[in-house]
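Encoded as structure tokens, the structure appears first; notes follow it.
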2 protein chains.
Amino acid sequence: VKVRDIGEFGLITRLLGEVQAVDGVVVAAGDDAAVVEVTPGSRVVFTCDCMVEDVHFLRTANGEDIGYKLMAGNISDIAAMGGRARYAVVTLVTPSDEPVAWLEDIYAGIKECASQYGCHVVGGDTSRGSKIMLSVALLGEVLPGRELLRSGARQGDVVCISGPLGGSHAGLQVELGRVDAQLAGAQEARLKHFRPTVPTELALVLGEMGCRCANDISDGLASEAREIAAASRVGIELDGADIPVAREAEAVAPALGESALDYALYGGEEYALLFCLPPSLAALVRARFPQVQAIGRVIAGEGVYLLRHGERERLATAYTHFV
Amino acid sequence: VKVRDIGEFGLITRLLGEVQAVDGVVVAAGDDAAVVEVTPGSRVVFTCDCMVEDVHFLRTANGEDIGYKLMAGNISDIAAMGGRARYAVVTLVTPSDEPVAWLEDIYAGIKECASQYGCHVVGGDTSRGSKIMLSVALLGEVLPGRELLRSGARQGDVVCISGPLGGSHAGLQVELGRVDAQLAGAQEARLKHFRPTVPTELALVLGEMGCRCANDISDGLASEAREIAAASRVGIELDGADIPVAREAEAVAPALGESALDYALYGGEEYALLFCLPPSLAALVRARFPQVQAIGRVIAGEGVYLLRHGERERLATAYTHFV
């Protein structure tokens, strides 16, 4: 059996195995981040996320953008657990003939994003290697009982999204040179890809108000909804007409003969927050955060369905890193 | 300026810059691990360490050995701060045609070592990439005031080592095929390299007894002593005759026409603990841990000196990953 036969999720499950809920492990592998008790009563959210040259970025990309995006992805994982990001360590693998200035740009981006979210890089490790690889491990704090879990969705909950989707995927098309960089909206799309905004305040408020279920959109709305449905043992029905599509996706997708809604459904690395909560709470949240959109409901059963043009279609499998 | 021009330490310093002692950062980058307060009063030790194919291990190595060694190195960094390792996340970059079984072996080694030291792997991230790269980020706990710092050595302190040195470097020679694997002591040396023992109990007792200064031997005794001397603004004098040389080094070095004492002085990845403490405390520690050896003293001035055959020589620069 090769890695590509089982994909990223299969691999991580197989490698980590079952992490038992012992010794202060509150939430183990399988959610956006782990929650552990390092000292009794003090809960820590813990995650890591990596970027590899030629897989997640090209050498032609701006170094600060790469670093910013890497850190934003980690902060998003902490937020999606209801936590507040605090401290990071960074692993860097680099060829020894790499210009230091370019690596400094990457770290400047990492630190710029960190400081924007009240977070500090406190250490790291470097090694040589044939390609650049960066991994950030991030620690955050969460108050006991305020965790936002994949398994927290309940039948009858409203499914909400923190903002428009598909902008990051549109930006990736610009970065890959698939559309003219002069196209109206192209540079805005690029920013959505490399400088995503993480809704950290919303995430904290959700935990405080009693929401118990969230995922960030790392791998696309369809995929994240499926993860919540599977972990919560429920079904999810999405209303196609209510899914907010980023104007950057509306600008880029048509130029490629592609569907902006598909960008919103399947485009990853978005770092919007997908969450489920009872209708009464959803109304309160939407009053406080007007950009939050209700896009569907949690139903009995299993799977993720899209209602569109009067039809109900089951959503297909999403992008994984090893496909 | 290329990475190789400034070396690993120069690179990490330049990339991280000055981490200010704000917002709960108790010990920042530059020691074995960072110490941070995630919630007030609860101190967390935080570190990461990576291994890269062809740099730190060969594909011919046993997977479990690679994983074990990686985790031991991280646990050693936590111990060298006076902490107890608790939770880890693991980043894996791998080609997609990699056999899953070999990766499972690596993770089995990671988890075997973790469980031996009361530590749990709670999450991780995977990506594809052209070479295998593994990074472990590890969290530990430490009681406030019990941290063991590089900057904690004081003039008049005794310099001690937790046990014999040079065994790991001897094992590396076996692994690299430089000596006959049938040589007496060769397999024991291999074990010292891949299955190092981390003196975690000693580290905790040192913090408890009032010792304030330690480093683990990641990059060789000479290099670690130099780090302590520089951070503490003192000099260190080592007695060549008192440095305990591992019997594995005594077995392997002569077969290669090399010096076993050089293995002890410059061989890295050893994970013994080098520490400095007042003579009265040193006597108490040695009574409780008979394998601890006093090997020198902290003096005024700067630099690291070796006394041998009636001569006093200043120790040369050590191994770095980018040389």
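As shown in the structure tokens, the chain order sets the letters A, B, ...; within each chain, residues go from 1, and ligands are also counted from 1 in the order they appear.
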
Taking only C-alpha atoms into account, find every residue of chain B that has an atom no more than 7 Å from chain A, and write it out as a ChimeraX atom specification. /B:1-4,8,12,15,19,28-29,34,38-39,42,47-50,52,55,89,91,96-100,104,107,122-129,137,141,321-322

How would the residues just picked look written out with N, CA and C atoms as a tab-separated table (two decimals), in the first residue's frame?
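Result file follows (part27.tsv):
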chain	number	residue	atom	x	y	z
B	1	VAL	N	23.98	36.77	0.60
B	1	VAL	CA	24.32	35.86	1.70
B	1	VAL	C	23.48	34.58	1.58
B	2	LYS	N	24.17	33.44	1.56
B	2	LYS	CA	23.49	32.15	1.49
B	2	LYS	C	23.42	31.52	2.88
B	3	VAL	N	22.53	30.56	3.04
B	3	VAL	CA	22.37	29.89	4.33
B	3	VAL	C	23.70	29.33	4.82
B	4	ARG	N	24.47	28.72	3.92
B	4	ARG	CA	25.72	28.10	4.37
B	4	ARG	C	26.73	29.11	4.90
B	8	GLU	N	23.65	27.19	10.91
B	8	GLU	CA	22.33	26.98	11.50
B	8	GLU	C	22.01	27.98	12.60
B	12	ILE	N	18.98	30.78	12.46
B	12	ILE	CA	17.81	30.80	13.36
B	12	ILE	C	17.75	32.13	14.10
B	15	LEU	N	16.51	34.73	11.63
B	15	LEU	CA	15.11	34.58	11.24
B	15	LEU	C	14.17	34.93	12.39
B	19	VAL	N	13.05	37.87	20.37
B	19	VAL	CA	11.70	37.64	20.87
B	19	VAL	C	11.60	38.37	22.20
B	28	ALA	N	12.61	32.86	25.84
B	28	ALA	CA	12.36	32.89	24.40
B	28	ALA	C	13.40	32.06	23.66
B	29	ALA	N	13.30	32.07	22.35
B	29	ALA	CA	14.20	31.37	21.45
B	29	ALA	C	15.65	31.50	21.89
B	34	ALA	N	11.43	26.90	24.48
B	34	ALA	CA	10.84	28.13	25.01
B	34	ALA	C	9.97	27.79	26.22
B	38	VAL	N	0.61	30.01	29.10
B	38	VAL	CA	-0.57	30.02	28.25
B	38	VAL	C	-1.74	30.59	29.03
B	39	THR	N	-1.92	30.13	30.24
B	39	THR	CA	-2.84	30.80	31.16
B	39	THR	C	-2.00	31.22	32.35
B	42	SER	N	0.41	28.97	34.72
B	42	SER	CA	0.66	27.64	34.18
B	42	SER	C	1.75	27.72	33.12
B	47	THR	N	8.88	23.14	22.27
B	47	THR	CA	10.04	22.97	21.39
B	47	THR	C	9.66	22.23	20.13
B	48	CYS	N	10.52	22.29	19.11
B	48	CYS	CA	10.33	21.44	17.93
B	48	CYS	C	11.69	21.02	17.40
B	49	ASP	N	11.69	19.89	16.73
B	49	ASP	CA	12.93	19.31	16.23
B	49	ASP	C	12.57	18.47	15.01
B	50	CYS	N	13.40	18.53	13.98
B	50	CYS	CA	13.05	17.81	12.76
B	50	CYS	C	14.15	16.85	12.31
B	52	VAL	N	15.42	14.99	8.52
B	52	VAL	CA	15.24	15.02	7.07
B	52	VAL	C	16.00	13.85	6.46
B	55	VAL	N	19.79	13.67	5.37
B	55	VAL	CA	20.55	14.59	6.22
B	55	VAL	C	20.71	13.96	7.61
B	89	VAL	N	2.75	16.97	18.60
B	89	VAL	CA	2.14	16.89	17.27
B	89	VAL	C	3.28	16.63	16.27
B	91	THR	N	4.58	16.55	12.19
B	91	THR	CA	4.44	16.89	10.77
B	91	THR	C	5.21	15.86	9.95
B	96	SER	N	4.34	10.55	-2.46
B	96	SER	CA	3.06	9.82	-2.42
B	96	SER	C	3.22	8.36	-2.84
B	97	ASP	N	4.40	7.99	-3.36
B	97	ASP	CA	4.59	6.57	-3.67
B	97	ASP	C	5.32	5.83	-2.55
B	98	GLU	N	5.37	6.46	-1.37
B	98	GLU	CA	6.03	5.84	-0.23
B	98	GLU	C	5.17	4.70	0.33
B	99	PRO	N	5.79	3.55	0.66
B	99	PRO	CA	4.99	2.49	1.29
B	99	PRO	C	4.51	2.93	2.66
B	100	VAL	N	3.21	2.76	2.91
B	100	VAL	CA	2.63	3.19	4.18
B	100	VAL	C	3.26	2.42	5.35
B	104	GLU	N	4.45	3.78	8.93
B	104	GLU	CA	3.87	3.27	10.18
B	104	GLU	C	4.97	2.84	11.15
B	107	TYR	N	6.24	5.97	12.83
B	107	TYR	CA	5.31	6.44	13.86
B	107	TYR	C	5.28	5.49	15.05
B	122	VAL	N	-0.76	13.74	19.99
B	122	VAL	CA	-2.18	14.11	19.95
B	122	VAL	C	-2.64	14.67	18.61
B	123	GLY	N	-1.75	14.81	17.65
B	123	GLY	CA	-2.18	15.33	16.37
B	123	GLY	C	-1.04	15.43	15.40
B	124	GLY	N	-1.33	16.01	14.22
B	124	GLY	CA	-0.27	16.15	13.24
B	124	GLY	C	-0.79	16.60	11.91
B	125	ASP	N	0.13	16.74	10.99
B	125	ASP	CA	-0.20	17.19	9.65
B	125	ASP	C	0.66	16.38	8.68
B	126	THR	N	0.13	16.11	7.49
B	126	THR	CA	0.93	15.43	6.47
B	126	THR	C	0.84	16.20	5.16
B	127	SER	N	1.88	16.08	4.38
B	127	SER	CA	1.87	16.66	3.04
B	127	SER	C	2.74	15.81	2.15
B	128	ARG	N	2.52	15.91	0.85
B	128	ARG	CA	3.49	15.24	0.00
B	128	ARG	C	4.67	16.15	-0.23
B	129	GLY	N	5.78	15.55	-0.64
B	129	GLY	CA	7.03	16.25	-0.90
B	129	GLY	C	8.01	15.22	-1.43
B	137	ALA	N	6.71	18.68	17.30
B	137	ALA	CA	6.61	19.80	18.23
B	137	ALA	C	6.09	19.22	19.54
B	141	GLU	N	5.47	20.46	30.77
B	141	GLU	CA	5.15	21.34	31.89
B	141	GLU	C	6.38	21.56	32.75
B	321	HIS	N	24.74	22.09	11.25
B	321	HIS	CA	24.06	21.36	10.18
B	321	HIS	C	24.38	21.86	8.78
B	322	PHE	N	24.83	23.11	8.66
B	322	PHE	CA	25.00	23.66	7.32
B	322	PHE	C	26.44	23.71	6.86

Contacts of Arg178 of chain B at 10 Å (only C-alpha atoms; same-chain gap of 5+ positions) as a PyMOL selection string: chain B and resi 170+172-173+252+255-256

Resulting file, chosen residues, all heavy atoms, as a PDB file, in the first residue's frame:
ATOM      1  N   ALA B 170      29.680   7.044  17.867  1.00  0.00           N
ATOM      2  CA  ALA B 170      30.196   5.720  17.497  1.00  0.00           C
ATOM      3  C   ALA B 170      29.129   4.952  16.718  1.00  0.00           C
ATOM      4  O   ALA B 170      29.411   4.323  15.694  1.00  0.00           O
ATOM      5  CB  ALA B 170      30.616   4.949  18.752  1.00  0.00           C
ATOM      6  N   LEU B 172      26.760   6.165  14.939  1.00  0.00           N
ATOM      7  CA  LEU B 172      26.598   6.755  13.611  1.00  0.00           C
ATOM      8  C   LEU B 172      27.621   6.168  12.635  1.00  0.00           C
ATOM      9  O   LEU B 172      27.305   5.898  11.470  1.00  0.00           O
ATOM     10  CB  LEU B 172      26.753   8.281  13.710  1.00  0.00           C
ATOM     11  CG  LEU B 172      26.612   9.080  12.418  1.00  0.00           C
ATOM     12  CD1 LEU B 172      25.229   8.888  11.795  1.00  0.00           C
ATOM     13  CD2 LEU B 172      26.861  10.565  12.676  1.00  0.00           C
ATOM     14  N   GLN B 173      28.839   5.941  13.124  1.00  0.00           N
ATOM     15  CA  GLN B 173      29.870   5.346  12.260  1.00  0.00           C
ATOM     16  C   GLN B 173      29.461   3.943  11.823  1.00  0.00           C
ATOM     17  O   GLN B 173      29.710   3.541  10.686  1.00  0.00           O
ATOM     18  CB  GLN B 173      31.235   5.305  12.975  1.00  0.00           C
ATOM     19  CG  GLN B 173      31.684   6.623  13.594  1.00  0.00           C
ATOM     20  CD  GLN B 173      31.434   7.821  12.697  1.00  0.00           C
ATOM     21  OE1 GLN B 173      31.841   7.837  11.537  1.00  0.00           O
ATOM     22  NE2 GLN B 173      30.739   8.829  13.227  1.00  0.00           N
ATOM     23  N   VAL B 252      34.670   1.629  18.922  1.00  0.00           N
ATOM     24  CA  VAL B 252      34.585   1.991  17.499  1.00  0.00           C
ATOM     25  C   VAL B 252      35.730   2.918  17.057  1.00  0.00           C
ATOM     26  O   VAL B 252      36.327   2.715  15.989  1.00  0.00           O
ATOM     27  CB  VAL B 252      33.213   2.634  17.189  1.00  0.00           C
ATOM     28  CG1 VAL B 252      33.198   3.280  15.808  1.00  0.00           C
ATOM     29  CG2 VAL B 252      32.107   1.584  17.308  1.00  0.00           C
ATOM     30  N   ALA B 255      39.136   1.455  15.904  1.00  0.00           N
ATOM     31  CA  ALA B 255      39.039   0.701  14.652  1.00  0.00           C
ATOM     32  C   ALA B 255      39.135   1.628  13.440  1.00  0.00           C
ATOM     33  O   ALA B 255      39.454   1.201  12.332  1.00  0.00           O
ATOM     34  CB  ALA B 255      37.730  -0.095  14.609  1.00  0.00           C
ATOM     35  N   LEU B 256      38.855   2.919  13.657  1.00  0.00           N
ATOM     36  CA  LEU B 256      38.922   3.897  12.563  1.00  0.00           C
ATOM     37  C   LEU B 256      40.132   4.808  12.699  1.00  0.00           C
ATOM     38  O   LEU B 256      40.273   5.785  11.962  1.00  0.00           O
ATOM     39  CB  LEU B 256      37.640   4.747  12.557  1.00  0.00           C
ATOM     40  CG  LEU B 256      36.375   4.012  12.129  1.00  0.00           C
ATOM     41  CD1 LEU B 256      35.131   4.809  12.490  1.00  0.00           C
ATOM     42  CD2 LEU B 256      36.422   3.756  10.620  1.00  0.00           C
TER      43      LEU B 256
END

Straight-line distance linking atom CA of Ala260 of chain A with atom CA of Leu221 of chain A, stated in Å to one decimal: 13.1 Å

Could you tell me, as number ranges by chain, which residues of segment 25-116 of chain A DSSP assigns to strand (DSSP E) when given the backbone? A: 25-27, 34-39, 42-52, 84-94

Restricting it to N, CA, C and O atoms, dump the selection as a compact mmCIF listing (two decimals), in the first residue's frame.
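The result, written out as out08.txt:
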# COMPACT_ATOMS: atom_id res chain seq x y z
N VAL A 25 -5.74 14.42 27.81
CA VAL A 25 -6.09 14.66 26.40
C VAL A 25 -7.60 14.89 26.34
O VAL A 25 -8.39 13.98 26.51
N VAL A 26 -8.01 16.13 26.10
CA VAL A 26 -9.44 16.48 26.09
C VAL A 26 -10.03 16.21 24.71
O VAL A 26 -11.09 15.61 24.58
N VAL A 27 -9.34 16.65 23.67
CA VAL A 27 -9.74 16.37 22.29
C VAL A 27 -8.51 15.87 21.56
O VAL A 27 -7.48 16.55 21.54
N ALA A 34 -5.72 19.65 18.63
CA ALA A 34 -5.93 18.88 19.85
C ALA A 34 -6.14 19.84 21.02
O ALA A 34 -5.65 20.97 21.00
N VAL A 35 -6.85 19.38 22.03
CA VAL A 35 -6.99 20.15 23.27
C VAL A 35 -6.45 19.28 24.40
O VAL A 35 -6.86 18.12 24.54
N VAL A 36 -5.51 19.81 25.15
CA VAL A 36 -4.88 19.05 26.22
C VAL A 36 -4.81 19.89 27.49
O VAL A 36 -4.84 21.11 27.44
N GLU A 37 -4.71 19.18 28.61
CA GLU A 37 -4.47 19.87 29.89
C GLU A 37 -3.02 19.67 30.27
O GLU A 37 -2.61 18.56 30.60
N VAL A 38 -2.24 20.73 30.21
CA VAL A 38 -0.82 20.59 30.56
C VAL A 38 -0.68 20.62 32.08
O VAL A 38 0.00 19.80 32.67
N THR A 39 -1.32 21.57 32.70
CA THR A 39 -1.48 21.52 34.15
C THR A 39 -2.98 21.48 34.41
O THR A 39 -3.76 22.01 33.62
N SER A 42 -5.90 24.02 33.16
CA SER A 42 -5.43 24.94 32.13
C SER A 42 -5.44 24.23 30.78
O SER A 42 -4.61 23.37 30.51
N ARG A 43 -6.38 24.59 29.93
CA ARG A 43 -6.51 23.90 28.65
C ARG A 43 -5.71 24.61 27.56
O ARG A 43 -5.75 25.82 27.43
N VAL A 44 -5.04 23.78 26.78
CA VAL A 44 -4.20 24.28 25.71
C VAL A 44 -4.67 23.66 24.40
O VAL A 44 -4.93 22.47 24.34
N VAL A 45 -4.81 24.48 23.36
CA VAL A 45 -5.11 23.99 22.02
C VAL A 45 -3.79 23.89 21.28
O VAL A 45 -2.95 24.80 21.37
N PHE A 46 -3.58 22.80 20.54
CA PHE A 46 -2.26 22.51 20.00
C PHE A 46 -2.44 21.99 18.57
O PHE A 46 -3.18 21.03 18.35
N THR A 47 -1.75 22.60 17.63
CA THR A 47 -1.89 22.17 16.24
C THR A 47 -0.59 22.39 15.48
O THR A 47 0.30 23.09 15.95
N CYS A 48 -0.47 21.78 14.31
CA CYS A 48 0.65 22.09 13.41
C CYS A 48 0.18 22.01 11.97
O CYS A 48 -0.78 21.31 11.66
N ASP A 49 0.87 22.73 11.11
CA ASP A 49 0.47 22.80 9.72
C ASP A 49 1.73 23.14 8.93
O ASP A 49 2.53 23.96 9.37
N CYS A 50 1.88 22.52 7.77
CA CYS A 50 3.12 22.73 7.01
C CYS A 50 2.87 23.19 5.59
O CYS A 50 1.77 23.04 5.05
N MET A 51 3.89 23.77 4.98
CA MET A 51 3.86 24.14 3.57
C MET A 51 5.16 23.67 2.93
O MET A 51 6.24 23.85 3.49
N VAL A 52 5.03 23.09 1.74
CA VAL A 52 6.17 22.50 1.05
C VAL A 52 6.31 23.16 -0.32
O VAL A 52 5.31 23.34 -1.03
N ARG A 84 -7.74 30.85 21.36
CA ARG A 84 -7.02 32.07 21.01
C ARG A 84 -5.55 31.68 20.84
O ARG A 84 -4.93 31.13 21.76
N ALA A 85 -4.99 31.95 19.66
CA ALA A 85 -3.60 31.57 19.37
C ALA A 85 -2.65 32.39 20.23
O ALA A 85 -2.84 33.59 20.38
N ARG A 86 -1.59 31.74 20.76
CA ARG A 86 -0.67 32.46 21.63
C ARG A 86 0.80 32.34 21.21
O ARG A 86 1.49 33.32 21.07
N TYR A 87 1.31 31.11 21.07
CA TYR A 87 2.74 30.93 20.84
C TYR A 87 3.00 29.91 19.74
O TYR A 87 2.33 28.88 19.66
N ALA A 88 4.03 30.19 18.93
CA ALA A 88 4.36 29.30 17.83
C ALA A 88 5.83 28.94 17.83
O ALA A 88 6.68 29.73 18.26
N VAL A 89 6.15 27.74 17.35
CA VAL A 89 7.52 27.38 16.98
C VAL A 89 7.50 27.01 15.50
O VAL A 89 6.50 26.50 15.00
N VAL A 90 8.61 27.29 14.81
CA VAL A 90 8.66 27.12 13.36
C VAL A 90 9.81 26.20 12.97
O VAL A 90 10.94 26.40 13.40
N THR A 91 9.51 25.18 12.17
CA THR A 91 10.55 24.32 11.60
C THR A 91 10.79 24.76 10.16
O THR A 91 9.84 24.92 9.40
N LEU A 92 12.06 24.96 9.82
CA LEU A 92 12.43 25.32 8.45
C LEU A 92 13.45 24.33 7.91
O LEU A 92 14.49 24.12 8.52
N VAL A 93 13.13 23.71 6.78
CA VAL A 93 14.12 22.91 6.05
C VAL A 93 14.44 23.69 4.78
O VAL A 93 13.53 24.16 4.10
N THR A 94 15.72 23.85 4.51
CA THR A 94 16.12 24.69 3.36
C THR A 94 17.42 24.19 2.75
O THR A 94 18.29 23.68 3.46

DSSP helix (DSSP H, G or I) residues within segment 35-95 of chain B, listed as a list of chain:residue names: B:Gly63, B:Glu64, B:Asp65, B:Ile66, B:Gly67, B:Tyr68, B:Lys69, B:Leu70, B:Met71, B:Ala72, B:Gly73, B:Asn74, B:Ile75, B:Ser76, B:Asp77, B:Ile78, B:Ala79

Only all heavy atoms, please: the residues just picked out, written as a compact mmCIF listing (two decimals), in the first residue's frame.
# COMPACT_ATOMS: atom_id res chain seq x y z
N GLY B 63 12.80 2.01 10.38
CA GLY B 63 11.82 3.07 10.59
C GLY B 63 11.56 3.36 12.06
O GLY B 63 11.49 4.51 12.49
N GLU B 64 11.43 2.31 12.85
CA GLU B 64 11.16 2.52 14.28
C GLU B 64 12.30 3.26 14.96
O GLU B 64 12.08 4.09 15.85
CB GLU B 64 10.90 1.18 14.98
CG GLU B 64 9.58 0.56 14.53
CD GLU B 64 9.24 -0.72 15.29
OE1 GLU B 64 9.69 -0.88 16.44
OE2 GLU B 64 8.53 -1.55 14.71
N ASP B 65 13.52 2.95 14.54
CA ASP B 65 14.69 3.63 15.12
C ASP B 65 14.65 5.13 14.81
O ASP B 65 14.92 5.97 15.68
CB ASP B 65 15.99 3.05 14.54
CG ASP B 65 16.34 1.71 15.16
OD1 ASP B 65 15.72 1.34 16.18
OD2 ASP B 65 17.23 1.03 14.62
N ILE B 66 14.30 5.47 13.56
CA ILE B 66 14.23 6.88 13.18
C ILE B 66 13.20 7.62 14.04
O ILE B 66 13.48 8.68 14.60
CB ILE B 66 13.81 7.01 11.68
CG1 ILE B 66 14.91 6.43 10.79
CG2 ILE B 66 13.51 8.46 11.32
CD1 ILE B 66 14.47 6.24 9.35
N GLY B 67 12.02 7.02 14.17
CA GLY B 67 10.96 7.65 14.95
C GLY B 67 11.35 7.78 16.41
O GLY B 67 11.12 8.83 17.04
N TYR B 68 11.94 6.73 16.95
CA TYR B 68 12.33 6.74 18.35
C TYR B 68 13.33 7.88 18.62
O TYR B 68 13.18 8.66 19.57
CB TYR B 68 12.96 5.40 18.74
CG TYR B 68 13.07 5.21 20.23
CD1 TYR B 68 12.12 4.47 20.94
CD2 TYR B 68 14.11 5.80 20.96
CE1 TYR B 68 12.21 4.31 22.31
CE2 TYR B 68 14.20 5.65 22.33
CZ TYR B 68 13.25 4.90 23.00
OH TYR B 68 13.34 4.75 24.37
N LYS B 69 14.32 7.95 17.75
CA LYS B 69 15.38 8.96 17.91
C LYS B 69 14.82 10.39 17.81
O LYS B 69 15.19 11.27 18.58
CB LYS B 69 16.42 8.73 16.82
CG LYS B 69 17.61 9.63 16.86
CD LYS B 69 18.66 9.04 15.93
CE LYS B 69 19.64 10.06 15.43
NZ LYS B 69 20.25 10.88 16.46
N LEU B 70 13.92 10.60 16.87
CA LEU B 70 13.32 11.92 16.70
C LEU B 70 12.58 12.34 17.97
O LEU B 70 12.76 13.46 18.47
CB LEU B 70 12.35 11.89 15.51
CG LEU B 70 11.50 13.16 15.30
CD1 LEU B 70 12.38 14.35 14.98
CD2 LEU B 70 10.49 12.93 14.18
N MET B 71 11.77 11.45 18.50
CA MET B 71 11.02 11.80 19.70
C MET B 71 11.95 11.97 20.90
O MET B 71 11.76 12.89 21.71
CB MET B 71 9.96 10.72 19.97
CG MET B 71 9.08 11.01 21.16
SD MET B 71 8.28 12.65 21.10
CE MET B 71 6.74 12.22 20.34
N ALA B 72 12.97 11.12 21.00
CA ALA B 72 13.91 11.23 22.13
C ALA B 72 14.60 12.59 22.12
O ALA B 72 14.81 13.20 23.18
CB ALA B 72 14.94 10.10 22.07
N GLY B 73 14.95 13.07 20.94
CA GLY B 73 15.61 14.38 20.83
C GLY B 73 14.73 15.50 21.35
O GLY B 73 15.19 16.42 22.04
N ASN B 74 13.45 15.43 21.04
CA ASN B 74 12.52 16.44 21.53
C ASN B 74 12.31 16.33 23.04
O ASN B 74 12.27 17.35 23.73
CB ASN B 74 11.17 16.28 20.80
CG ASN B 74 11.15 16.99 19.47
OD1 ASN B 74 10.94 18.18 19.40
ND2 ASN B 74 11.43 16.26 18.40
N ILE B 75 12.17 15.10 23.53
CA ILE B 75 11.98 14.91 24.97
C ILE B 75 13.20 15.44 25.72
O ILE B 75 13.10 16.05 26.79
CB ILE B 75 11.70 13.42 25.28
CG1 ILE B 75 10.28 13.09 24.78
CG2 ILE B 75 11.85 13.11 26.77
CD1 ILE B 75 9.93 11.63 24.83
N SER B 76 14.37 15.24 25.11
CA SER B 76 15.61 15.72 25.71
C SER B 76 15.61 17.25 25.81
O SER B 76 16.07 17.82 26.81
CB SER B 76 16.79 15.24 24.87
OG SER B 76 18.00 15.73 25.39
N ASP B 77 15.08 17.93 24.79
CA ASP B 77 15.02 19.40 24.84
C ASP B 77 14.12 19.88 25.98
O ASP B 77 14.41 20.89 26.62
CB ASP B 77 14.49 19.97 23.51
CG ASP B 77 15.58 20.07 22.45
OD1 ASP B 77 16.75 20.27 22.83
OD2 ASP B 77 15.26 19.95 21.27
N ILE B 78 13.03 19.18 26.21
CA ILE B 78 12.13 19.56 27.31
C ILE B 78 12.82 19.29 28.65
O ILE B 78 12.78 20.13 29.57
CB ILE B 78 10.80 18.77 27.22
CG1 ILE B 78 10.06 19.06 25.92
CG2 ILE B 78 9.93 19.05 28.45
CD1 ILE B 78 9.42 20.42 25.81
N ALA B 79 13.47 18.12 28.75
CA ALA B 79 14.17 17.77 30.00
C ALA B 79 15.26 18.79 30.31
O ALA B 79 15.44 19.18 31.46
CB ALA B 79 14.77 16.36 29.89

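Closest to Lys192 of chain A among A:Val158, A:Ala316, A:Leu165, A:Val234 is A:Leu165, based on only C-alpha atoms.
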
If we count only C-alpha atoms, what is near Leu306 of chain B at a cut-off of 7 Å, once residues fewer than 3 positions away on the same chain are taken out, given as a PyMOL selection string? chain B and resi 237-240+312-315

Suppose we keep N, CA and C atoms; can you now write the selection as a PDB file, in the first residue's frame?
ATOM      1  N   GLU B 237      36.003  25.388  32.215  1.00  0.00           N
ATOM      2  CA  GLU B 237      37.228  24.608  32.137  1.00  0.00           C
ATOM      3  C   GLU B 237      36.861  23.148  32.336  1.00  0.00           C
ATOM      4  N   LEU B 238      37.200  22.316  31.356  1.00  0.00           N
ATOM      5  CA  LEU B 238      36.877  20.889  31.442  1.00  0.00           C
ATOM      6  C   LEU B 238      38.155  20.095  31.705  1.00  0.00           C
ATOM      7  N   ASP B 239      38.066  19.085  32.573  1.00  0.00           N
ATOM      8  CA  ASP B 239      39.204  18.210  32.854  1.00  0.00           C
ATOM      9  C   ASP B 239      39.122  16.997  31.943  1.00  0.00           C
ATOM     10  N   GLY B 240      40.023  16.930  30.971  1.00  0.00           N
ATOM     11  CA  GLY B 240      39.978  15.845  29.984  1.00  0.00           C
ATOM     12  C   GLY B 240      39.913  14.473  30.623  1.00  0.00           C
ATOM     13  N   ARG B 312      46.502  23.412  28.575  1.00  0.00           N
ATOM     14  CA  ARG B 312      45.185  24.029  28.576  1.00  0.00           C
ATOM     15  C   ARG B 312      44.902  24.528  27.164  1.00  0.00           C
ATOM     16  N   GLU B 313      43.944  23.865  26.492  1.00  0.00           N
ATOM     17  CA  GLU B 313      43.668  24.259  25.104  1.00  0.00           C
ATOM     18  C   GLU B 313      42.245  24.793  24.986  1.00  0.00           C
ATOM     19  N   ARG B 314      42.082  25.826  24.188  1.00  0.00           N
ATOM     20  CA  ARG B 314      40.741  26.369  23.953  1.00  0.00           C
ATOM     21  C   ARG B 314      40.055  25.480  22.916  1.00  0.00           C
ATOM     22  N   LEU B 315      38.830  25.058  23.214  1.00  0.00           N
ATOM     23  CA  LEU B 315      38.167  24.115  22.316  1.00  0.00           C
ATOM     24  C   LEU B 315      37.644  24.801  21.060  1.00  0.00           C
TER      25      LEU B 315
END
